[in-house]
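A short worksheet on the structure shown next.
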Amino acid sequence: MTYQETVWDESPSLKSYTLANFRDIPQIQKLSEQTQFEMEVIGNVLPFKVNNYVIEQLIDWNNIPNDPMFVLTFPQKGMLQPEHFEKMSDTLKTSSDKKEITNVANEIRLQLNPHPAGQMELNVPTLKDGTKLYGMQHKYKETCLFFPSQSQTCHAYCSFCFRWPQFVGMDEMKFAMKEGEQLVQYLTEHPEITDVLFTGGDPMIMKAKIFSKYIETLIDAKLPNLKTIRIGTKSLSYWPYKFLTDEDSEQMLNIFKKVTKNGLHLAFMAHFNHLIELSTNSVKRAIQEVRATGAQIRTQSPLLAHINDDADMWAKMWTKQVQLGCIPYYMFVVRDTGAQHYFGISLVKAQEIFREAYKKVSGLGRTVRGPSMSATPGKVQVDGVVKVHGEKVLALRFLQGRNPDWVQRPFFAKYDENAIWLDDLKPAFEEKFFFEDELEQKYHVKMSH
Ligand SMILES: *Cc1c(COP(=O)(O)O)cnc(C)c1O
Ligand code: SF4
């Protein structure tokens, strides 16, 4: 595909497409009715939203159905197991009753492990006065996640996203908070927290005016423990105009400047799943604009079958990120929820791809860590396959742990080519992994291996 050189200061307005109007997209009308119906089946169960920038500048429509950006944003038949697919397909063919369709959808959704890694209850923090803060998660000592109620959506949805339940209305606003004051109160009560991570959805869906309220509340509180504000976002990939030509783009950049001028680090945690997302002039300009505010951009992505399971692409992507002034940060293993069976890659294979890619980049690209599973006990990295006394095993370690003392301790699992998640692994040389008893006693979580 040749990417047209777009003029960066064009100012397109955002046009979104969802299940309701995707058949209006001219490129979609060229696909068979069968394919369009398949999209509708999947789109009735899993979230679906795309926009004009992705359609016009990131997807190569001569490369359908294999184009990675197409697979990333449009529903794919394989994302539902055959029996679930049939069920929704039959329902759509025989009924136009919205309620019935939703009921069938919810029935299927509940079978897709909508709340992996104990997200619902385990990580909900409480204020000293007993108030539960459903719009926050505090799992690792130094960093808490904050879900502003106005960032419950994204500029487009990634087909693999583990946050899918909140986009289909299963979790409606459960993970959301309106008030920055409660966040400040929690940070005051927890001096061990240095980092606040704004997440969602995508916090960069917020208008500058709304986002600035949260940031100003944080800055004005002058919390001695707060060192870093992080923003987890895919806006650079899905809507770079947020920082170029949207009507409040300058105001947004000024908020970033305000953070850095006040002595806080602004860490932009940018999701890039494929090299293509770094190819347009708009994204390059947007990266420059964000960096010019004093913010640092760190990059992360899961490893995904059908989208980016290609070591060479990862090496090129990390090298390109470094060239553009971004810092490669995490490669994740896709989570045990939603369409994991479709996007999942075995841990053995993931580790091979990571190593192959890592080998090919300079030290500046080797800031990246992975492949890492965000599992219930913590972030677990697959270090590699080793032989110990003639037995092949997987070497693992925690990058983050529910208990910070678990971090950086090597441990071993039996070699298993089919394992795609921590729960699939069995301990090598012992009955239980070293952290299991504590996980069960303190957090009442039993591993299912
Ligand atoms: C990944 C993650 C963080 C941040 O971890 P870092 O290793 O500091 O980037 C914080 N909270 C949760 C729940 C996470 O999954
Ligand atoms: S942008 Fe982030 S939160 Fe939104 S769908 Fe993609 S991965 Fe999920």
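Starting from 1 in every chain, residues are counted up; chains themselves are A, B, ... following the order of the structure tokens, and ligands are numbered from 1 as listed.
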**Within-6 Å residues of ligand 1, basis only C-alpha atoms and all ligand atoms, as a list in words** =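 These are the residues that qualify: Lys139, Tyr140, Thr143, Cys144, Leu145, Ser374 and Gln400 of chain A.
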Kindly save the residues from that selection, with N, CA, C and O atoms included, as a compact mmCIF listing (two decimals), in the first residue's frame.
```txt
# COMPACT_ATOMS: atom_id res chain seq x y z
N LYS A 139 -4.09 -1.66 42.14
CA LYS A 139 -3.61 -3.03 42.23
C LYS A 139 -2.13 -3.06 42.59
O LYS A 139 -1.71 -3.87 43.39
N TYR A 140 -1.35 -2.20 41.96
CA TYR A 140 0.08 -2.15 42.23
C TYR A 140 0.38 -0.89 43.03
O TYR A 140 -0.13 0.18 42.73
N THR A 143 0.99 2.81 41.58
CA THR A 143 0.19 3.36 40.48
C THR A 143 -1.29 3.06 40.66
O THR A 143 -1.66 1.92 40.87
N CYS A 144 -2.12 4.09 40.58
CA CYS A 144 -3.55 3.79 40.58
C CYS A 144 -4.17 4.22 39.25
O CYS A 144 -3.71 5.16 38.60
N LEU A 145 -5.17 3.47 38.85
CA LEU A 145 -5.88 3.78 37.61
C LEU A 145 -7.10 4.62 37.95
O LEU A 145 -7.76 4.39 38.95
N SER A 374 -1.15 -9.58 32.00
CA SER A 374 -1.75 -8.88 33.14
C SER A 374 -2.75 -9.82 33.79
O SER A 374 -3.94 -9.77 33.52
N GLN A 400 5.16 -6.82 37.76
CA GLN A 400 4.36 -6.14 38.79
C GLN A 400 3.66 -7.24 39.58
O GLN A 400 3.25 -8.23 38.98
```
Each residue of chain A lying at most 9 Å from ligand 2 should get a row with its shortest atom-to-atom pair and the distance in Å to one decimal, counting only C-alpha atoms and all ligand atoms; could you produce that, ordered by chain and increasing number, as a tab-separated table?
```
residue	atom	partner	partner_atom_place_in_ligand_line	distance
A:Pro47	CA	ligand 2	5 (S)	8.4
A:Phe48	CA	ligand 2	5 (S)	8.8
A:Lys49	CA	ligand 2	5 (S)	8.7
A:Leu72	CA	ligand 2	6 (Fe)	8.9
A:Thr73	CA	ligand 2	6 (Fe)	8.8
A:Gln152	CA	ligand 2	3 (S)	8.4
A:Thr153	CA	ligand 2	4 (Fe)	6.6
A:Cys154	CA	ligand 2	4 (Fe)	4.8
A:His155	CA	ligand 2	1 (S)	7.1
A:Ala156	CA	ligand 2	5 (S)	6.5
A:Tyr157	CA	ligand 2	5 (S)	3.7
A:Cys158	CA	ligand 2	6 (Fe)	4.1
A:Ser159	CA	ligand 2	5 (S)	7.0
A:Phe160	CA	ligand 2	7 (S)	7.2
A:Cys161	CA	ligand 2	8 (Fe)	4.3
A:Phe162	CA	ligand 2	8 (Fe)	6.5
A:Arg163	CA	ligand 2	8 (Fe)	5.6
A:Trp164	CA	ligand 2	8 (Fe)	6.9
A:Phe167	CA	ligand 2	5 (S)	8.3
A:Thr199	CA	ligand 2	3 (S)	7.8
A:Gly200	CA	ligand 2	3 (S)	6.0
A:Gly201	CA	ligand 2	3 (S)	4.1
A:Asp202	CA	ligand 2	3 (S)	5.6
A:Gly232	CA	ligand 2	2 (Fe)	7.8
A:Thr233	CA	ligand 2	2 (Fe)	6.3
A:Lys234	CA	ligand 2	1 (S)	4.7
A:Ser235	CA	ligand 2	1 (S)	7.4
A:Ser237	CA	ligand 2	1 (S)	8.8
A:Tyr238	CA	ligand 2	1 (S)	7.9
A:His271	CA	ligand 2	2 (Fe)	7.1
A:Ser301	CA	ligand 2	7 (S)	8.5
```
**Asked** With only C-alpha atoms as the atoms that count, which of A:Gln150, A:Asn44, A:Ser372, A:Thr367 lies nearest to Glu107 in chain A?
**Response**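 Of A:Gln150, A:Asn44, A:Ser372, A:Thr367, the one nearest Glu107 in chain A, counting only C-alpha atoms, is A:Asn44.
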**CA of Pro114 in chain A to CA of Gly43 in chain A, distance in Å rounded to a single decimal** = 16.1 Å
**Request:** Would you list the contacts of Asp195 in chain A as a ChimeraX atom specification, taking every protein, DNA or RNA residue within 12 Å and counting only C-alpha atoms, but skipping same-chain residues closer than 2 positions in sequence?
**Result:** /A:138,140-146,183,187,190-193,197-198,218,223-231,264-267
**Asked** Taking the backbone alone, and naming residues the way the document does, which bits of range 118-251 of chain A are alpha helix (DSSP H) by DSSP, as a count of residues only?
**Response** 34
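Residues in contact range of Pro371 in chain A, defined as at most 10 Å between only C-alpha atoms, with sequence neighbours fewer than 6 positions away removed, read Ser301, Pro302, Leu303, Tyr330, Met331, Phe332, Val333, Val334, Leu347, Val348, Lys349, Ala350, Gln351, Glu352, Ile353, Phe354, Arg355, Lys379, Val380, Gln381, Val382, Asp383 and Gly384 of chain A.
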**Prompt:** What lies within 10 Å of Ser448 in chain A using only C-alpha atoms, ignoring chain neighbours under 6 positions off, as a VMD selection string?
**Reply:** chain A and resid 422 to 426
**Message:** Give me, as a list of chain:residue names, all polymer residues having an atom no more than 9 Å from Gln296 in chain A, counting only C-alpha atoms and skipping those fewer than 5 positions away in the same chain.
**Reply:**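 The residues that qualify are A:His265, A:Leu266, A:Ala267, A:Phe268, A:Met269, A:Val290, A:Arg291, A:Gly325, A:Cys326, A:Ile327.
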**Prompt:** Nearest to Gln81 in chain A among A:Gln111, A:Thr299, A:Thr319, A:Thr94, with distances taken over only C-alpha atoms: which residue is it?
**Reply:** A:Gln111
**Asked** Hey, can you check how far CA of Gln251 in chain A sits from CA of Ala208 in chain A?
**Response**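 Interatomic distance here is 6.0 Å.
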**Request:** Write down as a list in words the residues of range 26-267 of chain A whose backbone DSSP state falls under strand (DSSP E).
**Result:**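 The strand (DSSP E) subset of range 26-267 of chain A is Lys49, Val50, Asn51, Met136, Gln137, His138, Lys139, Tyr140, Thr143, Cys144, Leu145, Phe146, Asp195, Val196, Leu197, Phe198, Thr228, Ile229, Arg230, Ile231, Gly232, Thr233, His265, Leu266 and Ala267 of chain A.
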**Request:** For Val393 in chain A, please output as a ChimeraX atom specification all residues within 10 Å (counting only C-alpha atoms; exclusion window: fewer than 6 positions along the same chain).
**Result:** /A:384-387,411-416,427-429
Please build the interface table for range 184-280 of chain A against range 311-318 of chain A with a cut-off of 10 Å, listing for each qualifying residue the nearest atom pair and the distance in Å to one decimal; count only C-alpha atoms, order rows by chain and increasing number, and write it as JSON lines.
```
{"residue": "A:Phe272", "atom": "CA", "partner": "A:Met317", "partner_atom": "CA", "distance": 8.7}
{"residue": "A:Asn273", "atom": "CA", "partner": "A:Met317", "partner_atom": "CA", "distance": 8.9}
{"residue": "A:His274", "atom": "CA", "partner": "A:Met317", "partner_atom": "CA", "distance": 6.9}
{"residue": "A:Leu275", "atom": "CA", "partner": "A:Met317", "partner_atom": "CA", "distance": 4.9}
{"residue": "A:Ile276", "atom": "CA", "partner": "A:Met317", "partner_atom": "CA", "distance": 8.6}
{"residue": "A:Glu277", "atom": "CA", "partner": "A:Met317", "partner_atom": "CA", "distance": 9.3}
{"residue": "A:Leu278", "atom": "CA", "partner": "A:Met317", "partner_atom": "CA", "distance": 8.0}
```
